[in-house]
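Below: one structure, written as structure tokens.
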Amino acid sequence: MLGPTSFMLHPPIYARPFIRGPAHFAQGLRLSGFRISLLPLDPPTCCRCPPSESQSADGTEGPQTKGGGLPGPDPASPLLPEPLAHAPDRSTVVIPGHGNMPELVVTALLAPSRLSLKLLRAFMWSLVYSAALVAGAIYGCIALTHVLCRPRRGCCGRPRRAAPACLKDPTLGKHDFLSLRSSGLRLHYVSAGHGKGPLMLFLHGFPENWFSWRHQLREFESHFHVVAVDLRGYGPSDAPRDVDCYTIDLLMADIQDVILGLGYSKCILVSHDWGALLAWNFSIYFPSLVERMVVVSAPPMSVYQDYSIRHIGQFFRSNYMFLFQLPWLPEKLLSMSDFQILKTTLTHYKTGIPHLTPSELEAFLYNFSQPGGLTGPINYYRNLFRNFPLEPQELATPTLLLWGEKDPYMEVGLVGAISRRFVPGRLEAHILPDAGHWIPQSHPQEMHQYMWAFLQDLLD
């Protein structure tokens, strides 16, 4: 049997800029010797999910808008170009040495970039929704087969009236709620080891919740303040119904509020699946809040984008992502025959979580079975393609990456693609030969060994 494989690091790939729109095009004009001014746009608003304040208490820059755009870098950074010059009126722009340029000329210069962006996004969404319809038909057949094979279960999921006992296990930690400063939402979390060391924050994936970190909570509470949070939309945490309340920037603001709200200025961020997608972005835009990262079974979004374009097989492995772009149908299909698709996902003898007990399975199904319990988690996926196409970004946070060689959802080749984006010396990657997608639950001992070695210098 082959042992875990460690990847050597390579110099980072420099960004290949995509056309983002007028502002992006205008910056290109300025860097080429022109200087133009653009009028600012009013940010979008949301009654349930207001944007976070521009800065946190420690001066860390936070997300600025509620929409799909990610928060920008520190405006005081010396790496940024100087601000655009403002024209004396709204009909002209300033070009050094050339006087004022009529607005009509600027509009003509911007027209190709605007048209290219619209065509690119229209083509992308046509592909996404075409794939979504195909996925919907396939999963519809699967769900109907489950209903016909188990007619007594019916077409709808059975709401669970009481939570399983394992969700109330006091040995896992103390249950509490935290009110978020940016949005006012309340998130549920379980914590242990308060006052014993640095904050170790756990972010779960789908279809999971805080309980997926039960092994790690017990293992690390002796040296860390371990906190496993239910992300917004999951479990007892608040779950807005609006799709726009689950954009990446709002979810990153949640993580920032949790860290600061618990009284810390930085943390060790441990993540899996969807939680890992958020952790990658969070480490880029809030690097001062992340001391170390442990990432399991998920790549950064930009890496996934570029890799999938070159390896079409990855799209087939992630076919469920396209299903989740459709309204209401995914919730219906997943709940049919008493959530049989979710049960199969978690318990399949080849691709599921080995040795998962019936009580532990119910720990994941309990909250999904409540009215609207699936809508929040699926709304994460409905915002997944909102920011595409993405620019490649350099990764610099010291990171331990764990990957299952038999992961049915993510190809092993993604590990190499991730390593090429890292600053040399900042990534430690291991492929577990017998592991699948659910490493924190299926291979906790191997994960703990790698984590203790990776964090040893912090303990010293």
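In the structure tokens, chains take letters A, B, ... by order of appearance, with residues numbered from 1 within each chain and ligands from 1 in the order shown.
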- Please report, as a PyMOL selection string, each residue of region 92-296 of chain A to which DSSP assigns alpha helix (DSSP H) when run on this structure's backbone. chain A and resi 103-149+214-220+248-261+274-285
- Item | Length of the CA of Leu172 (chain A) to CA of Tyr234 (chain A) vector [Å] |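 For CA of Leu172 (chain A) relative to CA of Tyr234 (chain A), the distance reads 18.5 Å.
Contact shell of region 310-322 of chain A at 6 Å (only C-alpha atoms; same-chain neighbours under 3 positions omitted): Ala131, Ala132, Tyr307, Gln325 and Tyr409 of chain A.
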- For Trp328 (chain A): contacts at 12 Å, only C-alpha atoms, fewer than 5 positions along chain excluded, given as number ranges by chain: A: 136, 241, 243, 323, 333-335, 372, 374-376, 378-379, 382
- With only C-alpha atoms as the basis for distance, which of A:Ala111, A:Leu260, A:Met336, A:Val296 is at the shortest distance from Arg150 (chain A)?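 Result for the nearest residue to Arg150 (chain A): A:Met336.
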- Contacts of Leu400 (chain A) within 6 Å, only C-alpha atoms, excl. fewer than 3 positions in-chain, as a PyMOL selection string: chain A and resi 294+428-429
- Select, from A:Lys332, A:His443, A:Lys168, A:His194, the residue with the minimum atom-to-atom distance to Glu221 (chain A), counting only C-alpha atoms.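 Looking only at the distances to Glu221 (chain A), the closest residue turns out to be A:His194.
Shortest atom-to-atom contact with Gly235 (chain A) among A:Trp213, A:Tyr139, A:Phe282, A:Phe364: A:Phe364, counting only C-alpha atoms.
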DSSP on the backbone: which residues in region 170-399 of chain A end up as strand (DSSP E or B)? Give the answer as a JSON list (two decimals) with all heavy atoms, in the first residue's frame.
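Saved file part.json follows:
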```json
[["chain", "number", "residue", "atom", "x", "y", "z"],
["A", 174, "LYS", "N", -20.03, 22.79, 24.82],
["A", 174, "LYS", "CA", -21.16, 23.62, 25.25],
["A", 174, "LYS", "C", -21.83, 24.27, 24.04],
["A", 174, "LYS", "O", -21.16, 24.83, 23.17],
["A", 174, "LYS", "CB", -20.66, 24.71, 26.21],
["A", 174, "LYS", "CG", -21.74, 25.67, 26.67],
["A", 174, "LYS", "CD", -21.15, 26.78, 27.53],
["A", 174, "LYS", "CE", -22.20, 27.80, 27.93],
["A", 174, "LYS", "NZ", -21.61, 28.91, 28.74],
["A", 175, "HIS", "N", -23.16, 24.22, 24.01],
["A", 175, "HIS", "CA", -23.93, 24.84, 22.94],
["A", 175, "HIS", "C", -24.21, 26.31, 23.28],
["A", 175, "HIS", "O", -24.55, 26.64, 24.42],
["A", 175, "HIS", "CB", -25.25, 24.09, 22.72],
["A", 175, "HIS", "CG", -25.08, 22.70, 22.21],
["A", 175, "HIS", "ND1", -25.38, 22.34, 20.92],
["A", 175, "HIS", "CD2", -24.62, 21.57, 22.82],
["A", 175, "HIS", "CE1", -25.13, 21.05, 20.75],
["A", 175, "HIS", "NE2", -24.67, 20.56, 21.89],
["A", 176, "ASP", "N", -24.10, 27.17, 22.27],
["A", 176, "ASP", "CA", -24.37, 28.58, 22.50],
["A", 176, "ASP", "C", -24.71, 29.24, 21.16],
["A", 176, "ASP", "O", -24.61, 28.62, 20.09],
["A", 176, "ASP", "CB", -23.16, 29.26, 23.11],
["A", 176, "ASP", "CG", -23.54, 30.48, 23.96],
["A", 176, "ASP", "OD1", -24.67, 30.99, 23.78],
["A", 176, "ASP", "OD2", -22.72, 30.91, 24.78],
["A", 177, "PHE", "N", -25.11, 30.51, 21.22],
["A", 177, "PHE", "CA", -25.42, 31.30, 20.03],
["A", 177, "PHE", "C", -24.61, 32.58, 20.06],
["A", 177, "PHE", "O", -24.32, 33.14, 21.12],
["A", 177, "PHE", "CB", -26.91, 31.63, 19.95],
["A", 177, "PHE", "CG", -27.79, 30.47, 19.58],
["A", 177, "PHE", "CD1", -28.21, 29.58, 20.54],
["A", 177, "PHE", "CD2", -28.16, 30.26, 18.26],
["A", 177, "PHE", "CE1", -29.02, 28.50, 20.21],
["A", 177, "PHE", "CE2", -28.96, 29.19, 17.91],
["A", 177, "PHE", "CZ", -29.39, 28.31, 18.88],
["A", 178, "LEU", "N", -24.25, 33.05, 18.86],
["A", 178, "LEU", "CA", -23.50, 34.30, 18.72],
["A", 178, "LEU", "C", -24.22, 35.20, 17.75],
["A", 178, "LEU", "O", -24.55, 34.79, 16.63],
["A", 178, "LEU", "CB", -22.09, 34.01, 18.21],
["A", 178, "LEU", "CG", -21.17, 35.22, 17.99],
["A", 178, "LEU", "CD1", -20.82, 35.86, 19.34],
["A", 178, "LEU", "CD2", -19.89, 34.79, 17.27],
["A", 179, "SER", "N", -24.50, 36.43, 18.16],
["A", 179, "SER", "CA", -25.13, 37.42, 17.29],
["A", 179, "SER", "C", -24.05, 38.11, 16.46],
["A", 179, "SER", "O", -23.08, 38.63, 17.02],
["A", 179, "SER", "CB", -25.91, 38.46, 18.11],
["A", 179, "SER", "OG", -26.99, 37.86, 18.77],
["A", 186, "ARG", "N", -28.11, 35.22, 14.09],
["A", 186, "ARG", "CA", -27.57, 34.43, 15.19],
["A", 186, "ARG", "C", -27.11, 33.08, 14.66],
["A", 186, "ARG", "O", -27.87, 32.38, 13.99],
["A", 186, "ARG", "CB", -28.63, 34.21, 16.29],
["A", 186, "ARG", "CG", -29.04, 35.48, 17.02],
["A", 186, "ARG", "CD", -29.62, 35.17, 18.39],
["A", 186, "ARG", "NE", -30.39, 33.93, 18.42],
["A", 186, "ARG", "CZ", -30.54, 33.18, 19.52],
["A", 186, "ARG", "NH1", -29.97, 33.56, 20.65],
["A", 186, "ARG", "NH2", -31.26, 32.08, 19.49],
["A", 187, "LEU", "N", -25.86, 32.74, 14.98],
["A", 187, "LEU", "CA", -25.30, 31.46, 14.58],
["A", 187, "LEU", "C", -25.11, 30.57, 15.80],
["A", 187, "LEU", "O", -24.64, 31.02, 16.85],
["A", 187, "LEU", "CB", -23.96, 31.63, 13.86],
["A", 187, "LEU", "CG", -23.95, 32.40, 12.54],
["A", 187, "LEU", "CD1", -22.58, 32.27, 11.87],
["A", 187, "LEU", "CD2", -25.05, 31.95, 11.61],
["A", 188, "HIS", "N", -25.48, 29.31, 15.64],
["A", 188, "HIS", "CA", -25.29, 28.32, 16.69],
["A", 188, "HIS", "C", -23.88, 27.74, 16.60],
["A", 188, "HIS", "O", -23.34, 27.56, 15.51],
["A", 188, "HIS", "CB", -26.32, 27.20, 16.53],
["A", 188, "HIS", "CG", -26.05, 25.99, 17.38],
["A", 188, "HIS", "ND1", -25.48, 24.84, 16.87],
["A", 188, "HIS", "CD2", -26.26, 25.76, 18.71],
["A", 188, "HIS", "CE1", -25.36, 23.95, 17.84],
["A", 188, "HIS", "NE2", -25.82, 24.48, 18.96],
["A", 189, "TYR", "N", -23.27, 27.48, 17.76],
["A", 189, "TYR", "CA", -21.95, 26.86, 17.76],
["A", 189, "TYR", "C", -21.78, 25.99, 19.00],
["A", 189, "TYR", "O", -22.51, 26.13, 19.99],
["A", 189, "TYR", "CB", -20.83, 27.90, 17.68],
["A", 189, "TYR", "CG", -20.69, 28.79, 18.91],
["A", 189, "TYR", "CD1", -19.83, 28.45, 19.95],
["A", 189, "TYR", "CD2", -21.41, 29.98, 19.02],
["A", 189, "TYR", "CE1", -19.69, 29.26, 21.06],
["A", 189, "TYR", "CE2", -21.29, 30.79, 20.13],
["A", 189, "TYR", "CZ", -20.42, 30.44, 21.15],
["A", 189, "TYR", "OH", -20.29, 31.24, 22.26],
["A", 190, "VAL", "N", -20.84, 25.07, 18.92],
["A", 190, "VAL", "CA", -20.47, 24.19, 20.03],
["A", 190, "VAL", "C", -18.99, 24.43, 20.32],
["A", 190, "VAL", "O", -18.16, 24.41, 19.40],
["A", 190, "VAL", "CB", -20.73, 22.72, 19.70],
["A", 190, "VAL", "CG1", -20.26, 21.82, 20.84],
["A", 190, "VAL", "CG2", -22.21, 22.49, 19.42],
["A", 191, "SER", "N", -18.64, 24.67, 21.58],
["A", 191, "SER", "CA", -17.26, 24.99, 21.92],
["A", 191, "SER", "C", -16.80, 24.19, 23.13],
["A", 191, "SER", "O", -17.61, 23.76, 23.96],
["A", 191, "SER", "CB", -17.12, 26.50, 22.21],
["A", 191, "SER", "OG", -17.84, 26.85, 23.39],
["A", 192, "ALA", "N", -15.50, 24.01, 23.20],
["A", 192, "ALA", "CA", -14.87, 23.33, 24.33],
["A", 192, "ALA", "C", -13.44, 23.83, 24.45],
["A", 192, "ALA", "O", -12.88, 24.39, 23.50],
["A", 192, "ALA", "CB", -14.89, 21.81, 24.13],
["A", 199, "LEU", "N", -7.68, 30.01, 19.31],
["A", 199, "LEU", "CA", -8.97, 29.63, 18.75],
["A", 199, "LEU", "C", -8.77, 28.72, 17.54],
["A", 199, "LEU", "O", -8.03, 29.05, 16.61],
["A", 199, "LEU", "CB", -9.75, 30.88, 18.33],
["A", 199, "LEU", "CG", -11.06, 30.63, 17.57],
["A", 199, "LEU", "CD1", -12.08, 29.90, 18.44],
["A", 199, "LEU", "CD2", -11.64, 31.96, 17.06],
["A", 200, "MET", "N", -9.45, 27.57, 17.55],
["A", 200, "MET", "CA", -9.49, 26.67, 16.40],
["A", 200, "MET", "C", -10.93, 26.62, 15.93],
["A", 200, "MET", "O", -11.80, 26.06, 16.60],
["A", 200, "MET", "CB", -8.98, 25.28, 16.76],
["A", 200, "MET", "CG", -8.97, 24.30, 15.59],
["A", 200, "MET", "SD", -8.32, 22.64, 16.01],
["A", 200, "MET", "CE", -6.57, 23.00, 16.17],
["A", 201, "LEU", "N", -11.21, 27.23, 14.78],
["A", 201, "LEU", "CA", -12.57, 27.39, 14.28],
["A", 201, "LEU", "C", -12.82, 26.39, 13.16],
["A", 201, "LEU", "O", -12.05, 26.31, 12.20],
["A", 201, "LEU", "CB", -12.78, 28.81, 13.77],
["A", 201, "LEU", "CG", -14.17, 29.16, 13.23],
["A", 201, "LEU", "CD1", -15.23, 29.02, 14.31],
["A", 201, "LEU", "CD2", -14.18, 30.59, 12.66],
["A", 202, "PHE", "N", -13.92, 25.63, 13.27],
["A", 202, "PHE", "CA", -14.26, 24.59, 12.30],
["A", 202, "PHE", "C", -15.44, 25.02, 11.43],
["A", 202, "PHE", "O", -16.47, 25.47, 11.95],
["A", 202, "PHE", "CB", -14.62, 23.28, 13.02],
["A", 202, "PHE", "CG", -13.50, 22.68, 13.81],
["A", 202, "PHE", "CD1", -13.30, 23.00, 15.14],
["A", 202, "PHE", "CD2", -12.62, 21.79, 13.22],
["A", 202, "PHE", "CE1", -12.27, 22.44, 15.88],
["A", 202, "PHE", "CE2", -11.58, 21.22, 13.92],
["A", 202, "PHE", "CZ", -11.40, 21.55, 15.26],
["A", 203, "LEU", "N", -15.29, 24.86, 10.11],
["A", 203, "LEU", "CA", -16.33, 25.19, 9.15],
["A", 203, "LEU", "C", -16.72, 23.92, 8.39],
["A", 203, "LEU", "O", -15.89, 23.31, 7.72],
["A", 203, "LEU", "CB", -15.84, 26.25, 8.15],
["A", 203, "LEU", "CG", -15.28, 27.54, 8.75],
["A", 203, "LEU", "CD1", -14.80, 28.48, 7.62],
["A", 203, "LEU", "CD2", -16.31, 28.26, 9.62],
["A", 225, "HIS", "N", -8.94, 26.33, 22.07],
["A", 225, "HIS", "CA", -10.36, 26.65, 22.23],
["A", 225, "HIS", "C", -11.04, 26.25, 20.93],
["A", 225, "HIS", "O", -10.99, 26.98, 19.94],
["A", 225, "HIS", "CB", -10.55, 28.14, 22.52],
["A", 225, "HIS", "CG", -11.99, 28.52, 22.68],
["A", 225, "HIS", "ND1", -12.42, 29.84, 22.59],
["A", 225, "HIS", "CD2", -13.10, 27.79, 22.95],
["A", 225, "HIS", "CE1", -13.72, 29.88, 22.77],
["A", 225, "HIS", "NE2", -14.16, 28.65, 23.00],
["A", 226, "VAL", "N", -11.66, 25.09, 20.92],
["A", 226, "VAL", "CA", -12.25, 24.55, 19.70],
["A", 226, "VAL", "C", -13.70, 25.01, 19.58],
["A", 226, "VAL", "O", -14.47, 24.94, 20.54],
["A", 226, "VAL", "CB", -12.17, 23.01, 19.67],
["A", 226, "VAL", "CG1", -10.73, 22.56, 19.50],
["A", 226, "VAL", "CG2", -12.76, 22.39, 20.93],
["A", 227, "VAL", "N", -14.07, 25.49, 18.40],
["A", 227, "VAL", "CA", -15.42, 26.00, 18.15],
["A", 227, "VAL", "C", -15.89, 25.47, 16.80],
["A", 227, "VAL", "O", -15.26, 25.74, 15.77],
["A", 227, "VAL", "CB", -15.47, 27.54, 18.15],
["A", 227, "VAL", "CG1", -16.87, 28.03, 17.76],
["A", 227, "VAL", "CG2", -15.07, 28.10, 19.50],
["A", 228, "ALA", "N", -16.96, 24.70, 16.80],
["A", 228, "ALA", "CA", -17.58, 24.21, 15.56],
["A", 228, "ALA", "C", -18.90, 24.95, 15.37],
["A", 228, "ALA", "O", -19.80, 24.85, 16.20],
["A", 228, "ALA", "CB", -17.81, 22.70, 15.64],
["A", 229, "VAL", "N", -19.00, 25.69, 14.30],
["A", 229, "VAL", "CA", -20.15, 26.56, 14.07],
["A", 229, "VAL", "C", -21.10, 25.94, 13.05],
["A", 229, "VAL", "O", -20.67, 25.22, 12.15],
["A", 229, "VAL", "CB", -19.67, 27.95, 13.58],
["A", 229, "VAL", "CG1", -18.99, 27.86, 12.24],
["A", 229, "VAL", "CG2", -20.81, 28.95, 13.55],
["A", 267, "CYS", "N", -7.19, 33.14, 14.18],
["A", 267, "CYS", "CA", -7.60, 31.78, 14.51],
["A", 267, "CYS", "C", -6.85, 30.78, 13.64],
["A", 267, "CYS", "O", -6.19, 31.14, 12.66],
["A", 267, "CYS", "CB", -9.10, 31.61, 14.32],
["A", 267, "CYS", "SG", -9.61, 31.52, 12.58],
["A", 268, "ILE", "N", -6.97, 29.52, 14.01],
["A", 268, "ILE", "CA", -6.58, 28.40, 13.16],
["A", 268, "ILE", "C", -7.87, 27.93, 12.51],
["A", 268, "ILE", "O", -8.80, 27.48, 13.19],
["A", 268, "ILE", "CB", -5.93, 27.28, 13.98],
["A", 268, "ILE", "CG1", -4.66, 27.80, 14.65],
["A", 268, "ILE", "CG2", -5.62, 26.07, 13.10],
["A", 268, "ILE", "CD1", -4.18, 26.94, 15.78],
["A", 269, "LEU", "N", -7.96, 28.04, 11.21],
["A", 269, "LEU", "CA", -9.20, 27.78, 10.48],
["A", 269, "LEU", "C", -9.15, 26.37, 9.89],
["A", 269, "LEU", "O", -8.29, 26.06, 9.06],
["A", 269, "LEU", "CB", -9.38, 28.82, 9.38],
["A", 269, "LEU", "CG", -10.77, 29.03, 8.80],
["A", 269, "LEU", "CD1", -11.79, 29.37, 9.89],
["A", 269, "LEU", "CD2", -10.75, 30.14, 7.76],
["A", 270, "VAL", "N", -10.07, 25.51, 10.34],
["A", 270, "VAL", "CA", -10.14, 24.13, 9.87],
["A", 270, "VAL", "C", -11.44, 23.97, 9.10],
["A", 270, "VAL", "O", -12.52, 24.32, 9.61],
["A", 270, "VAL", "CB", -10.10, 23.14, 11.05],
["A", 270, "VAL", "CG1", -10.04, 21.69, 10.55],
["A", 270, "VAL", "CG2", -8.90, 23.43, 11.95],
["A", 271, "SER", "N", -11.37, 23.42, 7.88],
["A", 271, "SER", "CA", -12.55, 23.46, 7.02],
["A", 271, "SER", "C", -12.62, 22.25, 6.12],
["A", 271, "SER", "O", -11.61, 21.61, 5.81],
["A", 271, "SER", "CB", -12.54, 24.74, 6.18],
["A", 271, "SER", "OG", -11.35, 24.81, 5.40],
["A", 272, "HIS", "N", -13.85, 21.96, 5.67],
["A", 272, "HIS", "CA", -14.10, 20.82, 4.79],
["A", 272, "HIS", "C", -15.20, 21.18, 3.79],
["A", 272, "HIS", "O", -16.15, 21.88, 4.16],
["A", 272, "HIS", "CB", -14.52, 19.60, 5.62],
["A", 272, "HIS", "CG", -14.98, 18.43, 4.79],
["A", 272, "HIS", "ND1", -16.31, 18.00, 4.78],
["A", 272, "HIS", "CD2", -14.32, 17.60, 3.95],
["A", 272, "HIS", "CE1", -16.42, 16.96, 3.97],
["A", 272, "HIS", "NE2", -15.24, 16.70, 3.45],
["A", 290, "VAL", "N", -6.23, 34.93, 10.01],
["A", 290, "VAL", "CA", -5.96, 33.49, 9.88],
["A", 290, "VAL", "C", -4.48, 33.23, 10.12],
["A", 290, "VAL", "O", -3.63, 33.65, 9.34],
["A", 290, "VAL", "CB", -6.36, 32.98, 8.48],
["A", 290, "VAL", "CG1", -6.17, 31.46, 8.40],
["A", 290, "VAL", "CG2", -7.80, 33.35, 8.16],
["A", 291, "GLU", "N", -4.19, 32.52, 11.21],
["A", 291, "GLU", "CA", -2.81, 32.18, 11.53],
["A", 291, "GLU", "C", -2.35, 30.94, 10.77],
["A", 291, "GLU", "O", -1.25, 30.90, 10.22],
["A", 291, "GLU", "CB", -2.66, 31.95, 13.03],
["A", 291, "GLU", "CG", -1.23, 31.78, 13.49],
["A", 291, "GLU", "CD", -1.10, 31.81, 15.00],
["A", 291, "GLU", "OE1", -2.14, 31.73, 15.68],
["A", 291, "GLU", "OE2", 0.04, 31.91, 15.50],
["A", 292, "ARG", "N", -3.18, 29.92, 10.74],
["A", 292, "ARG", "CA", -2.93, 28.70, 9.99],
["A", 292, "ARG", "C", -4.25, 28.20, 9.42],
["A", 292, "ARG", "O", -5.32, 28.52, 9.93],
["A", 292, "ARG", "CB", -2.34, 27.59, 10.88],
["A", 292, "ARG", "CG", -1.00, 27.93, 11.52],
["A", 292, "ARG", "CD", 0.15, 27.80, 10.54],
["A", 292, "ARG", "NE", 1.41, 28.19, 11.16],
["A", 292, "ARG", "CZ", 2.21, 27.36, 11.81],
["A", 292, "ARG", "NH1", 1.86, 26.08, 11.92],
["A", 292, "ARG", "NH2", 3.34, 27.77, 12.33],
["A", 293, "MET", "N", -4.15, 27.36, 8.37],
["A", 293, "MET", "CA", -5.36, 26.75, 7.80],
["A", 293, "MET", "C", -5.15, 25.26, 7.65],
["A", 293, "MET", "O", -4.07, 24.81, 7.27],
["A", 293, "MET", "CB", -5.70, 27.35, 6.43],
["A", 293, "MET", "CG", -6.49, 28.63, 6.49],
["A", 293, "MET", "SD", -7.56, 28.80, 5.02],
["A", 293, "MET", "CE", -6.44, 28.52, 3.68],
["A", 294, "VAL", "N", -6.22, 24.51, 7.92],
["A", 294, "VAL", "CA", -6.28, 23.09, 7.60],
["A", 294, "VAL", "C", -7.48, 22.92, 6.68],
["A", 294, "VAL", "O", -8.61, 23.20, 7.07],
["A", 294, "VAL", "CB", -6.43, 22.22, 8.85],
["A", 294, "VAL", "CG1", -6.51, 20.75, 8.47],
["A", 294, "VAL", "CG2", -5.28, 22.46, 9.82],
["A", 295, "VAL", "N", -7.22, 22.50, 5.45],
["A", 295, "VAL", "CA", -8.26, 22.41, 4.43],
["A", 295, "VAL", "C", -8.40, 20.95, 4.00],
["A", 295, "VAL", "O", -7.41, 20.28, 3.73],
["A", 295, "VAL", "CB", -7.94, 23.30, 3.22],
["A", 295, "VAL", "CG1", -8.98, 23.12, 2.13],
["A", 295, "VAL", "CG2", -7.85, 24.76, 3.63],
["A", 296, "VAL", "N", -9.64, 20.47, 3.92],
["A", 296, "VAL", "CA", -9.91, 19.08, 3.56],
["A", 296, "VAL", "C", -10.88, 19.03, 2.38],
["A", 296, "VAL", "O", -11.98, 19.58, 2.43],
["A", 296, "VAL", "CB", -10.50, 18.30, 4.75],
["A", 296, "VAL", "CG1", -10.65, 16.82, 4.39],
["A", 296, "VAL", "CG2", -9.65, 18.46, 5.99],
["A", 395, "LEU", "N", -1.80, 32.31, -3.21],
["A", 395, "LEU", "CA", -2.16, 31.86, -1.87],
["A", 395, "LEU", "C", -0.91, 31.89, -1.00],
["A", 395, "LEU", "O", 0.15, 31.39, -1.39],
["A", 395, "LEU", "CB", -2.73, 30.44, -1.92],
["A", 395, "LEU", "CG", -3.94, 30.27, -2.86],
["A", 395, "LEU", "CD1", -4.29, 28.80, -3.02],
["A", 395, "LEU", "CD2", -5.14, 31.05, -2.35],
["A", 399, "THR", "N", -0.71, 26.49, 5.14],
["A", 399, "THR", "CA", -1.88, 25.62, 4.98],
["A", 399, "THR", "C", -1.48, 24.15, 4.97],
["A", 399, "THR", "O", -0.50, 23.78, 4.32],
["A", 399, "THR", "CB", -2.63, 25.96, 3.69],
["A", 399, "THR", "OG1", -3.06, 27.33, 3.71],
["A", 399, "THR", "CG2", -3.85, 25.06, 3.51]]
```
- Item | Separation of CA of Ile248 (chain A) from CA of Met124 (chain A) in Å |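 If I compute the distance from CA of Met124 (chain A) to CA of Ile248 (chain A), I get 19.1 Å.
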- Message: Please list as a count of residues only every residue within 10 Å of Met447 (chain A), counting only C-alpha atoms and excluding residues in the same chain fewer than 2 positions away.
- Response: 17
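Atom pair CA of Gln340 (chain A) / CA of Arg214 (chain A) has a distance of 23.8 Å (rounded to one decimal).
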- Item | Among listed residues A:Leu326, A:Ile255, A:Val134, A:Leu109, nearest Tyr381 (chain A) (using only C-alpha atoms) |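 Of A:Leu326, A:Ile255, A:Val134, A:Leu109, the one nearest Tyr381 (chain A) is A:Leu326, counting only C-alpha atoms.
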- For Ala163 (chain A): contacts at 9 Å, only C-alpha atoms, fewer than 2 positions along chain excluded, given as a VMD selection string: chain A and resid 160 to 161 165 to 168 362 to 363 366 to 367
Okay, now the selection with N, CA and C atoms, as a PDB file, in the first residue's frame?
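Contents of again_13.pdb, as written:
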```pdb
ATOM      1  N   ARG A 160     -38.586  15.212  11.424  1.00  0.00           N
ATOM      2  CA  ARG A 160     -38.197  14.636  12.703  1.00  0.00           C
ATOM      3  C   ARG A 160     -38.693  15.532  13.830  1.00  0.00           C
ATOM      4  N   ARG A 161     -39.333  14.933  14.815  1.00  0.00           N
ATOM      5  CA  ARG A 161     -39.912  15.731  15.908  1.00  0.00           C
ATOM      6  C   ARG A 161     -38.903  16.021  17.018  1.00  0.00           C
ATOM      7  N   ALA A 165     -30.077  11.933  20.267  1.00  0.00           N
ATOM      8  CA  ALA A 165     -29.341  12.171  21.511  1.00  0.00           C
ATOM      9  C   ALA A 165     -27.903  12.608  21.264  1.00  0.00           C
ATOM     10  N   CYS A 166     -27.284  12.138  20.171  1.00  0.00           N
ATOM     11  CA  CYS A 166     -25.877  12.475  19.933  1.00  0.00           C
ATOM     12  C   CYS A 166     -25.670  13.973  19.699  1.00  0.00           C
ATOM     13  N   LEU A 167     -26.705  14.674  19.235  1.00  0.00           N
ATOM     14  CA  LEU A 167     -26.574  16.127  19.062  1.00  0.00           C
ATOM     15  C   LEU A 167     -26.544  16.870  20.387  1.00  0.00           C
ATOM     16  N   LYS A 168     -26.924  16.192  21.459  1.00  0.00           N
ATOM     17  CA  LYS A 168     -26.942  16.814  22.780  1.00  0.00           C
ATOM     18  C   LYS A 168     -25.856  16.267  23.690  1.00  0.00           C
ATOM     19  N   GLU A 362     -29.043  10.398  11.627  1.00  0.00           N
ATOM     20  CA  GLU A 362     -30.157  11.271  11.994  1.00  0.00           C
ATOM     21  C   GLU A 362     -29.677  12.641  12.457  1.00  0.00           C
ATOM     22  N   ALA A 363     -28.458  12.715  12.981  1.00  0.00           N
ATOM     23  CA  ALA A 363     -27.913  14.007  13.398  1.00  0.00           C
ATOM     24  C   ALA A 363     -27.772  14.961  12.221  1.00  0.00           C
ATOM     25  N   TYR A 366     -31.792  15.521  10.719  1.00  0.00           N
ATOM     26  CA  TYR A 366     -32.788  16.148  11.601  1.00  0.00           C
ATOM     27  C   TYR A 366     -33.136  17.565  11.150  1.00  0.00           C
ATOM     28  N   ASN A 367     -32.138  18.409  10.972  1.00  0.00           N
ATOM     29  CA  ASN A 367     -32.416  19.805  10.605  1.00  0.00           C
ATOM     30  C   ASN A 367     -32.864  19.946   9.164  1.00  0.00           C
TER      31      ASN A 367
END
```
